[in-house]
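Okay, so here's the structure we're looking at.
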Amino acid sequence: MKKTLYLKFLLAYVIFGFFGFVAVATFVSSMTMEHLKHERAEALYKEATLIANTYASDLYNNETSLDTVKKQLDALDTYLSATLWIINPSGRMVLNSAAPVDVETETVISGFDPTVTGGTYYTIGKFFKSFSEDQLSVFAPITSDYKVRGYVVIHYPMQNLVESCNSLLNISYLLLVMLFLLSMIILLFFTEMVYQPLRKIIYATEQYADGNMHYEFQVESADEMGYLSASLNYMASEIARAEDDQKKFVANVSHDFRSPLTSVKGYLEAMLDGTIPPELHEKYLNIVLNETERLTKLTNSLLTLNNLNTKGMLLDKSDFDINSVIRNTVATFEGTCRKKGIAVELVLTGDELFVNADVGKIQQVLYNLLDNAIKFSPTDSIIKIETNEKHNKVFVSVKDHGIGIPKDAQKLIWDRFYKSDLSRGKDKKGTGLGLSITKEIINSHGEHINVVSTEGVGSEFIFSLPVTDDPDE
Ligand code: ADP
């Protein structure tokens, strides 16, 4: 499996780190430098103005000596780590904190122009070629009698500013590295919460694709990942169940077809080779006929079941009188009932009771229920069929006093091919499909069917149908 998602995340992480570094090295660096320059220039300008208004103007007014002012400038030189000058407007050096007082030699800053700063109060450069390194220079005019007598100039080496800027930038780099390391937590979270579960899910889907539908996996998180894997697990188990059902179904069908076919074949062969003498042929042909009837019934049931699909079953619904459908169905069993001495008691609500359903399919439901009731009832017993109307529903009940259904079998009777052990002896022709067809028909109507049964006492099957008003009224 390609680890592309993980690589993409790693790449994003590296890009994040790279651009973080570039941002600090460019924007942050120039912003810090700009800020430091302004801050330093402002502080130095204040200092220069102060000197211009005090010592320097005193000097020009001859109120103090050159040496005294020089001492002050020297002290400030050390304190500010800067070079302080007092110069005349012509550019002639009066005092220089970096050099001893020398009245003999005249130092002139050639080309000195006080407007060099333009709109601001500082300039950066070698100050008219006076320095070999760049300086941040500010100057304040010394005025007396409304005339500019000279200037106080303070030079601060740019190198110092660059160093301060670098040490500040180092802090930014350190912060960036810390941020980078901390953001690894996101990467870890991603790995733990997205990537690992995703790999499990991918592995599981590969298993399912290989047909291993029983593969189970666990993603313990109450988020979308957990939900996705739970859904996948559920989907796989449903498919596995459907596959198992399918296998069971085919096994059951084959078994149910094989046994009558084996006996038909056996009897026919025995008749042909003379094992069964001709005088007994009629008896055995009747058995063969019975078996073929069973096969026909089985085939019909399978076809019905195949056509039924709880979700997509096509129902031909109409309003009809359920009471008369019950009477007709009972009439078809008259012969069987008479033979077994079974009486069918009808307790029907009203003369007519109209429901809205597929009449053909409901007829089949009644047929299946009544057929079972008769099959599992002892001779000379009573079967009661009742209709009741309650909460806009009609409840139809078919109650017998037969063998009953054991508690643990009551859930299973609706499964395809289920036949209880009790019934096997009594009902050799049963296919175990009747009730599953019945349930599917009722469910496809959006209604319910239930059973209440006690072993050895009897069973009652009750199903509901939606009531409608008499259409003729
Ligand atoms: P079958 O066609 O074999 O009767 P059904 O699906 O109709 O298949 O019934 C399944 C099983 O449910 C039967 O084999 C029987 O064990 C049980 N059963 C159904 N109806 C009754 C009943 N009225 N009394 C006792 N057992 C019943």
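Ligands are numbered from 1 in the order shown, residues from 1 within each chain, and chains are lettered A, B, ... in the order they appear in the structure tokens.
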
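When the distance limit is 9 Å and only C-alpha atoms are what count, the residues near stretch 16-23 of chain A, minus those fewer than 3 positions from it on the same chain, are Leu11, Ala12, Tyr13, Thr26, Phe27, Val28, Ser29, Tyr173, Leu176, Val177 and Phe180 of chain A.
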
Selection within 8 Å of ligand 1 by only C-alpha atoms and all ligand atoms, output as a VMD selection string: chain A and resid 368 to 377 399 to 400 402 to 405 409 to 410 412 to 424 427 429 to 437 453 458 to 461

File dump, residues just selected, N, CA and C atoms, as a tab-separated table (two decimals), in the first residue's frame:
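Saved to result-v2.tsv:
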```tsv
chain	number	residue	atom	x	y	z
A	368	ASN	N	-52.41	-20.57	4.25
A	368	ASN	CA	-51.26	-21.14	4.96
A	368	ASN	C	-51.57	-21.35	6.44
A	369	LEU	N	-52.20	-20.34	7.06
A	369	LEU	CA	-52.47	-20.43	8.51
A	369	LEU	C	-53.47	-21.55	8.80
A	370	LEU	N	-54.50	-21.59	7.97
A	370	LEU	CA	-55.54	-22.59	8.20
A	370	LEU	C	-55.00	-24.00	7.91
A	371	ASP	N	-54.18	-24.08	6.87
A	371	ASP	CA	-53.56	-25.36	6.50
A	371	ASP	C	-52.73	-25.89	7.67
A	372	ASN	N	-51.91	-25.00	8.26
A	372	ASN	CA	-51.10	-25.39	9.42
A	372	ASN	C	-51.98	-25.79	10.59
A	373	ALA	N	-53.01	-24.97	10.86
A	373	ALA	CA	-53.89	-25.22	12.02
A	373	ALA	C	-54.51	-26.61	11.89
A	374	ILE	N	-54.96	-26.92	10.67
A	374	ILE	CA	-55.59	-28.24	10.48
A	374	ILE	C	-54.54	-29.35	10.62
A	375	LYS	N	-53.38	-29.13	9.99
A	375	LYS	CA	-52.31	-30.14	10.04
A	375	LYS	C	-51.92	-30.49	11.46
A	376	PHE	N	-51.81	-29.45	12.29
A	376	PHE	CA	-51.27	-29.69	13.64
A	376	PHE	C	-52.35	-29.84	14.71
A	377	SER	N	-53.63	-29.97	14.27
A	377	SER	CA	-54.72	-30.17	15.23
A	377	SER	C	-55.05	-31.65	15.33
A	399	LYS	N	-56.97	-19.68	15.50
A	399	LYS	CA	-56.57	-20.35	16.74
A	399	LYS	C	-56.92	-21.83	16.68
A	400	ASP	N	-55.90	-22.64	17.02
A	400	ASP	CA	-56.19	-24.09	17.03
A	400	ASP	C	-55.90	-24.67	18.41
A	402	GLY	N	-54.05	-27.50	18.80
A	402	GLY	CA	-53.18	-28.58	18.33
A	402	GLY	C	-51.94	-28.78	19.19
A	403	ILE	N	-50.87	-29.18	18.54
A	403	ILE	CA	-49.67	-29.59	19.29
A	403	ILE	C	-48.92	-28.41	19.92
A	404	GLY	N	-49.20	-27.21	19.40
A	404	GLY	CA	-48.50	-26.02	19.94
A	404	GLY	C	-47.05	-25.94	19.46
A	405	ILE	N	-46.44	-24.83	19.76
A	405	ILE	CA	-45.04	-24.62	19.31
A	405	ILE	C	-44.17	-24.34	20.54
A	409	ALA	N	-38.84	-22.41	19.76
A	409	ALA	CA	-39.04	-22.55	18.31
A	409	ALA	C	-39.89	-21.41	17.76
A	410	GLN	N	-40.55	-20.67	18.68
A	410	GLN	CA	-41.51	-19.66	18.21
A	410	GLN	C	-40.88	-18.57	17.34
A	412	LEU	N	-38.24	-19.14	15.45
A	412	LEU	CA	-37.65	-19.76	14.26
A	412	LEU	C	-38.66	-20.14	13.19
A	413	ILE	N	-39.93	-20.26	13.61
A	413	ILE	CA	-40.93	-20.75	12.64
A	413	ILE	C	-41.04	-19.86	11.41
A	414	TRP	N	-40.61	-18.56	11.55
A	414	TRP	CA	-40.73	-17.63	10.42
A	414	TRP	C	-39.57	-17.80	9.44
A	415	ASP	N	-38.55	-18.56	9.84
A	415	ASP	CA	-37.39	-18.74	8.95
A	415	ASP	C	-37.73	-19.72	7.84
A	416	ARG	N	-37.07	-19.49	6.71
A	416	ARG	CA	-37.30	-20.39	5.57
A	416	ARG	C	-36.85	-21.80	5.93
A	417	PHE	N	-37.63	-22.77	5.59
A	417	PHE	CA	-37.34	-24.19	5.76
A	417	PHE	C	-37.37	-24.67	7.20
A	418	TYR	N	-37.81	-23.78	8.12
A	418	TYR	CA	-37.84	-24.27	9.50
A	418	TYR	C	-39.05	-25.18	9.71
A	419	LYS	N	-38.77	-26.35	10.28
A	419	LYS	CA	-39.85	-27.24	10.70
A	419	LYS	C	-39.50	-27.73	12.09
A	420	SER	N	-40.44	-27.59	13.01
A	420	SER	CA	-40.08	-28.01	14.37
A	420	SER	C	-40.03	-29.54	14.44
A	421	ASP	N	-39.28	-30.01	15.43
A	421	ASP	CA	-39.14	-31.46	15.56
A	421	ASP	C	-40.48	-32.12	15.76
A	422	LEU	N	-41.35	-31.37	16.52
A	422	LEU	CA	-42.67	-31.92	16.81
A	422	LEU	C	-43.46	-32.20	15.55
A	423	SER	N	-43.29	-31.27	14.57
A	423	SER	CA	-44.14	-31.34	13.39
A	423	SER	C	-43.66	-32.38	12.37
A	424	ARG	N	-42.38	-32.75	12.45
A	424	ARG	CA	-41.82	-33.60	11.40
A	424	ARG	C	-42.61	-34.89	11.20
A	427	ASP	N	-46.27	-33.98	9.82
A	427	ASP	CA	-46.45	-33.30	8.53
A	427	ASP	C	-45.29	-33.60	7.61
A	429	LYS	N	-45.38	-33.63	4.44
A	429	LYS	CA	-45.40	-32.86	3.20
A	429	LYS	C	-44.93	-31.42	3.40
A	430	GLY	N	-44.82	-31.01	4.63
A	430	GLY	CA	-44.48	-29.60	4.92
A	430	GLY	C	-43.13	-29.21	4.32
A	431	THR	N	-43.05	-27.95	3.89
A	431	THR	CA	-41.80	-27.48	3.29
A	431	THR	C	-41.04	-26.54	4.23
A	432	GLY	N	-41.76	-26.03	5.21
A	432	GLY	CA	-41.11	-25.04	6.11
A	432	GLY	C	-41.03	-23.67	5.47
A	433	LEU	N	-41.77	-23.50	4.37
A	433	LEU	CA	-41.72	-22.19	3.69
A	433	LEU	C	-42.98	-21.36	3.92
A	434	GLY	N	-44.07	-22.05	4.32
A	434	GLY	CA	-45.38	-21.39	4.44
A	434	GLY	C	-45.36	-20.13	5.29
A	435	LEU	N	-44.82	-20.25	6.51
A	435	LEU	CA	-44.87	-19.10	7.43
A	435	LEU	C	-43.93	-17.97	6.99
A	436	SER	N	-42.80	-18.33	6.35
A	436	SER	CA	-41.91	-17.24	5.92
A	436	SER	C	-42.57	-16.46	4.78
A	437	ILE	N	-43.32	-17.15	3.93
A	437	ILE	CA	-44.08	-16.46	2.88
A	437	ILE	C	-45.15	-15.58	3.54
A	453	SER	N	-48.46	-19.24	21.53
A	453	SER	CA	-48.63	-20.69	21.49
A	453	SER	C	-48.10	-21.35	22.76
A	458	GLY	N	-52.07	-25.45	22.16
A	458	GLY	CA	-52.56	-24.89	20.90
A	458	GLY	C	-51.81	-23.63	20.51
A	459	SER	N	-52.15	-23.15	19.31
A	459	SER	CA	-51.46	-21.95	18.81
A	459	SER	C	-52.48	-20.95	18.29
A	460	GLU	N	-52.12	-19.67	18.40
A	460	GLU	CA	-52.96	-18.64	17.83
A	460	GLU	C	-52.09	-17.69	17.01
A	461	PHE	N	-52.41	-17.58	15.73
A	461	PHE	CA	-51.69	-16.64	14.87
A	461	PHE	C	-52.59	-15.42	14.66
```

Shell around A:Val162 at 10 Å using only C-alpha atoms, local window under 5 positions removed, as a PyMOL selection string: chain A and resi 32-33+36-37+157+167-168

d(atom CA of A:Ile362, atom CA of A:Thr387) in Å: 13.8 Å

Which residues of stretch 272-366 of chain A sit at most 12 Å from stretch 249-263 of chain A, using only C-alpha atoms? Give each one's shortest atom pair and distance in Å (one decimal place), in chain and ascending residue order, as CSV.
```
residue,atom,partner,partner_atom,distance
A:Tyr284,CA,A:Ser263,CA,10.2
A:Leu285,CA,A:Ser263,CA,11.2
A:Ile287,CA,A:Ser263,CA,9.0
A:Val288,CA,A:Ser263,CA,7.6
A:Leu289,CA,A:Pro260,CA,10.3
A:Asn290,CA,A:Pro260,CA,9.1
A:Glu291,CA,A:Pro260,CA,5.4
A:Thr292,CA,A:Pro260,CA,7.3
A:Glu293,CA,A:Pro260,CA,9.7
A:Arg294,CA,A:Pro260,CA,7.7
A:Leu295,CA,A:Phe257,CA,6.7
A:Thr296,CA,A:Phe257,CA,10.0
A:Lys297,CA,A:Phe257,CA,10.9
A:Leu298,CA,A:Phe257,CA,8.0
A:Thr299,CA,A:Phe257,CA,9.0
A:Ser301,CA,A:Val253,CA,10.9
A:Leu302,CA,A:Val253,CA,8.7
A:Leu305,CA,A:Phe249,CA,11.7
A:Asn306,CA,A:Phe249,CA,12.0
```

For A:Arg241, the nearest of the candidates A:Trp85, A:Met213, A:Gly456, A:Met193, counting only C-alpha atoms: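 Using only C-alpha atoms, A:Arg241 sits closest to A:Met213.
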
Sel. of alpha helix (DSSP H) residues, stretch 23-187 of chain A, as a PyMOL selection string: chain A and resi 23+29-51+57-60+66-80+158-182+184-187

Near-A:Met93 list (7 Å; only C-alpha atoms; drop same-chain fewer than 6 positions) as a ChimeraX atom specification: /A:86-87,107-108

Straight-line distance linking atom CA of A:Glu389 with atom CA of A:Cys337, stated in Å to one decimal: 27.6 Å

Strand (DSSP E or B) per DSSP on the backbone: members of stretch 299-371 of chain A, as a PyMOL selection string: chain A and resi 317-321+343-347+354-358

Would you put the residues from that selection into a file with N, CA and C atoms, as an mmCIF file, in the first residue's frame?
```
data_model
loop_
_atom_site.group_PDB
_atom_site.id
_atom_site.type_symbol
_atom_site.label_atom_id
_atom_site.label_comp_id
_atom_site.auth_asym_id
_atom_site.auth_seq_id
_atom_site.Cartn_x
_atom_site.Cartn_y
_atom_site.Cartn_z
ATOM 1 N N LYS A 317 -53.334 -3.685 -4.376
ATOM 2 C CA LYS A 317 -54.229 -3.403 -3.244
ATOM 3 C C LYS A 317 -55.620 -3.001 -3.707
ATOM 4 N N SER A 318 -56.591 -3.436 -2.924
ATOM 5 C CA SER A 318 -57.971 -2.998 -3.187
ATOM 6 C C SER A 318 -58.752 -3.094 -1.874
ATOM 7 N N ASP A 319 -59.946 -2.523 -1.859
ATOM 8 C CA ASP A 319 -60.800 -2.648 -0.663
ATOM 9 C C ASP A 319 -61.652 -3.902 -0.831
ATOM 10 N N PHE A 320 -61.602 -4.769 0.152
ATOM 11 C CA PHE A 320 -62.429 -5.986 0.057
ATOM 12 C C PHE A 320 -62.902 -6.398 1.443
ATOM 13 N N ASP A 321 -63.888 -7.283 1.445
ATOM 14 C CA ASP A 321 -64.489 -7.743 2.704
ATOM 15 C C ASP A 321 -63.697 -8.949 3.192
ATOM 16 N N ALA A 343 -63.924 -28.906 13.396
ATOM 17 C CA ALA A 343 -64.934 -27.869 13.166
ATOM 18 C C ALA A 343 -64.253 -26.508 13.158
ATOM 19 N N VAL A 344 -64.642 -25.683 12.182
ATOM 20 C CA VAL A 344 -64.065 -24.329 12.151
ATOM 21 C C VAL A 344 -65.138 -23.357 12.628
ATOM 22 N N GLU A 345 -64.825 -22.677 13.722
ATOM 23 C CA GLU A 345 -65.785 -21.732 14.287
ATOM 24 C C GLU A 345 -65.405 -20.330 13.841
ATOM 25 N N LEU A 346 -66.382 -19.595 13.261
ATOM 26 C CA LEU A 346 -66.089 -18.243 12.791
ATOM 27 C C LEU A 346 -66.709 -17.221 13.730
ATOM 28 N N VAL A 347 -65.888 -16.351 14.283
ATOM 29 C CA VAL A 347 -66.405 -15.269 15.132
ATOM 30 C C VAL A 347 -66.017 -13.966 14.433
ATOM 31 N N PHE A 354 -64.410 -4.276 5.870
ATOM 32 C CA PHE A 354 -63.570 -3.936 4.714
ATOM 33 C C PHE A 354 -62.140 -3.564 5.110
ATOM 34 N N VAL A 355 -61.218 -4.135 4.363
ATOM 35 C CA VAL A 355 -59.792 -3.814 4.572
ATOM 36 C C VAL A 355 -59.196 -3.415 3.218
ATOM 37 N N ASN A 356 -58.023 -2.769 3.312
ATOM 38 C CA ASN A 356 -57.333 -2.395 2.082
ATOM 39 C C ASN A 356 -56.050 -3.199 1.988
ATOM 40 N N ALA A 357 -56.009 -4.155 1.062
ATOM 41 C CA ALA A 357 -54.842 -5.034 0.940
ATOM 42 C C ALA A 357 -54.897 -5.761 -0.399
ATOM 43 N N ASP A 358 -53.858 -6.576 -0.620
ATOM 44 C CA ASP A 358 -53.833 -7.383 -1.850
ATOM 45 C C ASP A 358 -54.617 -8.661 -1.568
#
```

Between atom CA of A:Gly150 and atom CA of A:Glu63 - distance in Å to one decimal: 15.7 Å

Spatial neighbours of A:Ile124, max dist 10 Å, only C-alpha atoms, sep filter under 2 positions, as a PDB file with N, CA and C atoms, in the first residue's frame:
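Ended up saving to out-v8.pdb:
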```pdb
ATOM      1  N   LYS A  37      15.977  50.626  14.437  1.00  0.00           N
ATOM      2  CA  LYS A  37      16.537  51.881  13.906  1.00  0.00           C
ATOM      3  C   LYS A  37      15.744  53.080  14.417  1.00  0.00           C
ATOM      4  N   VAL A 116      20.872  66.705   5.030  1.00  0.00           N
ATOM      5  CA  VAL A 116      21.048  65.335   4.534  1.00  0.00           C
ATOM      6  C   VAL A 116      19.970  64.351   5.038  1.00  0.00           C
ATOM      7  N   THR A 117      19.404  64.644   6.183  1.00  0.00           N
ATOM      8  CA  THR A 117      18.423  63.707   6.759  1.00  0.00           C
ATOM      9  C   THR A 117      17.073  63.734   6.031  1.00  0.00           C
ATOM     10  N   TYR A 122      17.288  61.333  11.138  1.00  0.00           N
ATOM     11  CA  TYR A 122      18.517  60.528  11.157  1.00  0.00           C
ATOM     12  C   TYR A 122      18.921  60.145   9.743  1.00  0.00           C
ATOM     13  N   LYS A 126      28.123  56.536   5.870  1.00  0.00           N
ATOM     14  CA  LYS A 126      29.478  56.785   6.420  1.00  0.00           C
ATOM     15  C   LYS A 126      29.668  58.242   6.794  1.00  0.00           C
ATOM     16  N   PHE A 127      28.600  58.991   6.798  1.00  0.00           N
ATOM     17  CA  PHE A 127      28.549  60.406   7.150  1.00  0.00           C
ATOM     18  C   PHE A 127      29.667  61.218   6.466  1.00  0.00           C
ATOM     19  N   ASP A 134      29.255  51.776   8.374  1.00  0.00           N
ATOM     20  CA  ASP A 134      27.988  52.524   8.372  1.00  0.00           C
ATOM     21  C   ASP A 134      27.609  52.973   9.786  1.00  0.00           C
ATOM     22  N   GLN A 135      27.049  54.146   9.885  1.00  0.00           N
ATOM     23  CA  GLN A 135      26.630  54.694  11.168  1.00  0.00           C
ATOM     24  C   GLN A 135      25.194  55.181  11.064  1.00  0.00           C
ATOM     25  N   LEU A 136      24.515  55.124  12.216  1.00  0.00           N
ATOM     26  CA  LEU A 136      23.205  55.770  12.296  1.00  0.00           C
ATOM     27  C   LEU A 136      23.491  57.134  12.924  1.00  0.00           C
ATOM     28  N   SER A 137      23.280  58.198  12.161  1.00  0.00           N
ATOM     29  CA  SER A 137      23.658  59.522  12.660  1.00  0.00           C
ATOM     30  C   SER A 137      22.446  60.413  12.839  1.00  0.00           C
ATOM     31  N   VAL A 138      22.367  61.049  14.008  1.00  0.00           N
ATOM     32  CA  VAL A 138      21.278  62.020  14.246  1.00  0.00           C
ATOM     33  C   VAL A 138      21.938  63.352  14.581  1.00  0.00           C
ATOM     34  N   HIS A 155      26.748  59.582  16.416  1.00  0.00           N
ATOM     35  CA  HIS A 155      26.871  58.465  15.474  1.00  0.00           C
ATOM     36  C   HIS A 155      26.818  57.158  16.239  1.00  0.00           C
ATOM     37  N   TYR A 156      25.920  56.320  15.799  1.00  0.00           N
ATOM     38  CA  TYR A 156      25.816  55.009  16.454  1.00  0.00           C
ATOM     39  C   TYR A 156      26.153  53.953  15.404  1.00  0.00           C
ATOM     40  N   PRO A 157      27.157  53.063  15.699  1.00  0.00           N
ATOM     41  CA  PRO A 157      27.561  52.095  14.661  1.00  0.00           C
ATOM     42  C   PRO A 157      26.394  51.157  14.281  1.00  0.00           C
ATOM     43  N   MET A 158      26.153  51.030  13.002  1.00  0.00           N
ATOM     44  CA  MET A 158      25.072  50.151  12.525  1.00  0.00           C
ATOM     45  C   MET A 158      25.344  48.699  12.924  1.00  0.00           C
TER      46      MET A 158
END
```

Polymer residues at most 9 Å from stretch 95-104 of chain A, only C-alpha atoms, same-chain spacing of 2 or more positions, as JSON, numbers by chain: {"A": [66, 67, 69, 70, 71, 72, 73, 74, 75, 76, 77, 82, 83, 84, 85, 86, 87, 93, 106]}

Keeping N, CA, C and O atoms, export the residues of the selection given above as a PDB file, in the first residue's frame.
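To be explicit, this is the file written out as part-v8.pdb:
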```pdb
ATOM      1  N   LEU A  66      35.863  74.170  26.745  1.00  0.00           N
ATOM      2  CA  LEU A  66      35.873  73.052  25.801  1.00  0.00           C
ATOM      3  C   LEU A  66      36.127  71.732  26.518  1.00  0.00           C
ATOM      4  O   LEU A  66      35.490  70.709  26.252  1.00  0.00           O
ATOM      5  N   ASP A  67      37.057  71.784  27.516  1.00  0.00           N
ATOM      6  CA  ASP A  67      37.418  70.561  28.256  1.00  0.00           C
ATOM      7  C   ASP A  67      36.242  70.005  29.051  1.00  0.00           C
ATOM      8  O   ASP A  67      36.044  68.787  29.115  1.00  0.00           O
ATOM      9  N   VAL A  69      33.049  70.353  28.443  1.00  0.00           N
ATOM     10  CA  VAL A  69      32.064  69.739  27.541  1.00  0.00           C
ATOM     11  C   VAL A  69      32.613  68.422  27.002  1.00  0.00           C
ATOM     12  O   VAL A  69      31.903  67.423  26.883  1.00  0.00           O
ATOM     13  N   LYS A  70      33.934  68.415  26.745  1.00  0.00           N
ATOM     14  CA  LYS A  70      34.565  67.190  26.228  1.00  0.00           C
ATOM     15  C   LYS A  70      34.373  66.032  27.209  1.00  0.00           C
ATOM     16  O   LYS A  70      34.034  64.900  26.840  1.00  0.00           O
ATOM     17  N   LYS A  71      34.546  66.345  28.499  1.00  0.00           N
ATOM     18  CA  LYS A  71      34.392  65.304  29.535  1.00  0.00           C
ATOM     19  C   LYS A  71      32.963  64.746  29.517  1.00  0.00           C
ATOM     20  O   LYS A  71      32.750  63.540  29.623  1.00  0.00           O
ATOM     21  N   GLN A  72      32.040  65.683  29.395  1.00  0.00           N
ATOM     22  CA  GLN A  72      30.630  65.251  29.365  1.00  0.00           C
ATOM     23  C   GLN A  72      30.383  64.334  28.146  1.00  0.00           C
ATOM     24  O   GLN A  72      29.734  63.293  28.257  1.00  0.00           O
ATOM     25  N   LEU A  73      30.944  64.785  27.022  1.00  0.00           N
ATOM     26  CA  LEU A  73      30.728  63.991  25.792  1.00  0.00           C
ATOM     27  C   LEU A  73      31.367  62.615  25.917  1.00  0.00           C
ATOM     28  O   LEU A  73      30.799  61.603  25.486  1.00  0.00           O
ATOM     29  N   ASP A  74      32.566  62.576  26.552  1.00  0.00           N
ATOM     30  CA  ASP A  74      33.248  61.286  26.724  1.00  0.00           C
ATOM     31  C   ASP A  74      32.388  60.318  27.550  1.00  0.00           C
ATOM     32  O   ASP A  74      32.295  59.129  27.237  1.00  0.00           O
ATOM     33  N   ALA A  75      31.825  60.911  28.616  1.00  0.00           N
ATOM     34  CA  ALA A  75      30.982  60.056  29.482  1.00  0.00           C
ATOM     35  C   ALA A  75      29.804  59.505  28.692  1.00  0.00           C
ATOM     36  O   ALA A  75      29.469  58.309  28.765  1.00  0.00           O
ATOM     37  N   LEU A  76      29.209  60.391  27.914  1.00  0.00           N
ATOM     38  CA  LEU A  76      28.055  59.948  27.116  1.00  0.00           C
ATOM     39  C   LEU A  76      28.471  58.952  26.037  1.00  0.00           C
ATOM     40  O   LEU A  76      27.720  58.021  25.707  1.00  0.00           O
ATOM     41  N   ASP A  77      29.680  59.148  25.491  1.00  0.00           N
ATOM     42  CA  ASP A  77      30.224  58.244  24.473  1.00  0.00           C
ATOM     43  C   ASP A  77      30.204  56.811  25.005  1.00  0.00           C
ATOM     44  O   ASP A  77      29.715  55.873  24.364  1.00  0.00           O
ATOM     45  N   ALA A  82      28.370  55.400  21.539  1.00  0.00           N
ATOM     46  CA  ALA A  82      28.247  56.174  20.301  1.00  0.00           C
ATOM     47  C   ALA A  82      29.326  57.255  20.272  1.00  0.00           C
ATOM     48  O   ALA A  82      29.968  57.542  21.277  1.00  0.00           O
ATOM     49  N   THR A  83      29.550  57.825  19.096  1.00  0.00           N
ATOM     50  CA  THR A  83      30.511  58.914  18.952  1.00  0.00           C
ATOM     51  C   THR A  83      29.732  60.218  18.899  1.00  0.00           C
ATOM     52  O   THR A  83      28.744  60.307  18.140  1.00  0.00           O
ATOM     53  N   LEU A  84      30.162  61.185  19.715  1.00  0.00           N
ATOM     54  CA  LEU A  84      29.421  62.447  19.746  1.00  0.00           C
ATOM     55  C   LEU A  84      30.313  63.557  19.189  1.00  0.00           C
ATOM     56  O   LEU A  84      31.500  63.645  19.525  1.00  0.00           O
ATOM     57  N   TRP A  85      29.705  64.343  18.339  1.00  0.00           N
ATOM     58  CA  TRP A  85      30.434  65.462  17.750  1.00  0.00           C
ATOM     59  C   TRP A  85      29.688  66.759  18.027  1.00  0.00           C
ATOM     60  O   TRP A  85      28.455  66.782  18.097  1.00  0.00           O
ATOM     61  N   ILE A  86      30.484  67.836  18.081  1.00  0.00           N
ATOM     62  CA  ILE A  86      29.863  69.166  17.985  1.00  0.00           C
ATOM     63  C   ILE A  86      30.553  69.808  16.788  1.00  0.00           C
ATOM     64  O   ILE A  86      31.791  69.873  16.741  1.00  0.00           O
ATOM     65  N   ILE A  87      29.780  70.198  15.802  1.00  0.00           N
ATOM     66  CA  ILE A  87      30.403  70.784  14.596  1.00  0.00           C
ATOM     67  C   ILE A  87      29.735  72.123  14.257  1.00  0.00           C
ATOM     68  O   ILE A  87      28.555  72.355  14.612  1.00  0.00           O
ATOM     69  N   MET A  93      34.949  70.684  12.743  1.00  0.00           N
ATOM     70  CA  MET A  93      34.778  69.928  13.988  1.00  0.00           C
ATOM     71  C   MET A  93      35.160  70.787  15.177  1.00  0.00           C
ATOM     72  O   MET A  93      36.259  71.356  15.211  1.00  0.00           O
ATOM     73  N   GLU A 106      42.806  71.613  12.394  1.00  0.00           N
ATOM     74  CA  GLU A 106      41.393  71.852  12.078  1.00  0.00           C
ATOM     75  C   GLU A 106      40.835  70.666  11.269  1.00  0.00           C
ATOM     76  O   GLU A 106      41.420  70.270  10.270  1.00  0.00           O
TER      77      GLU A 106
END
```
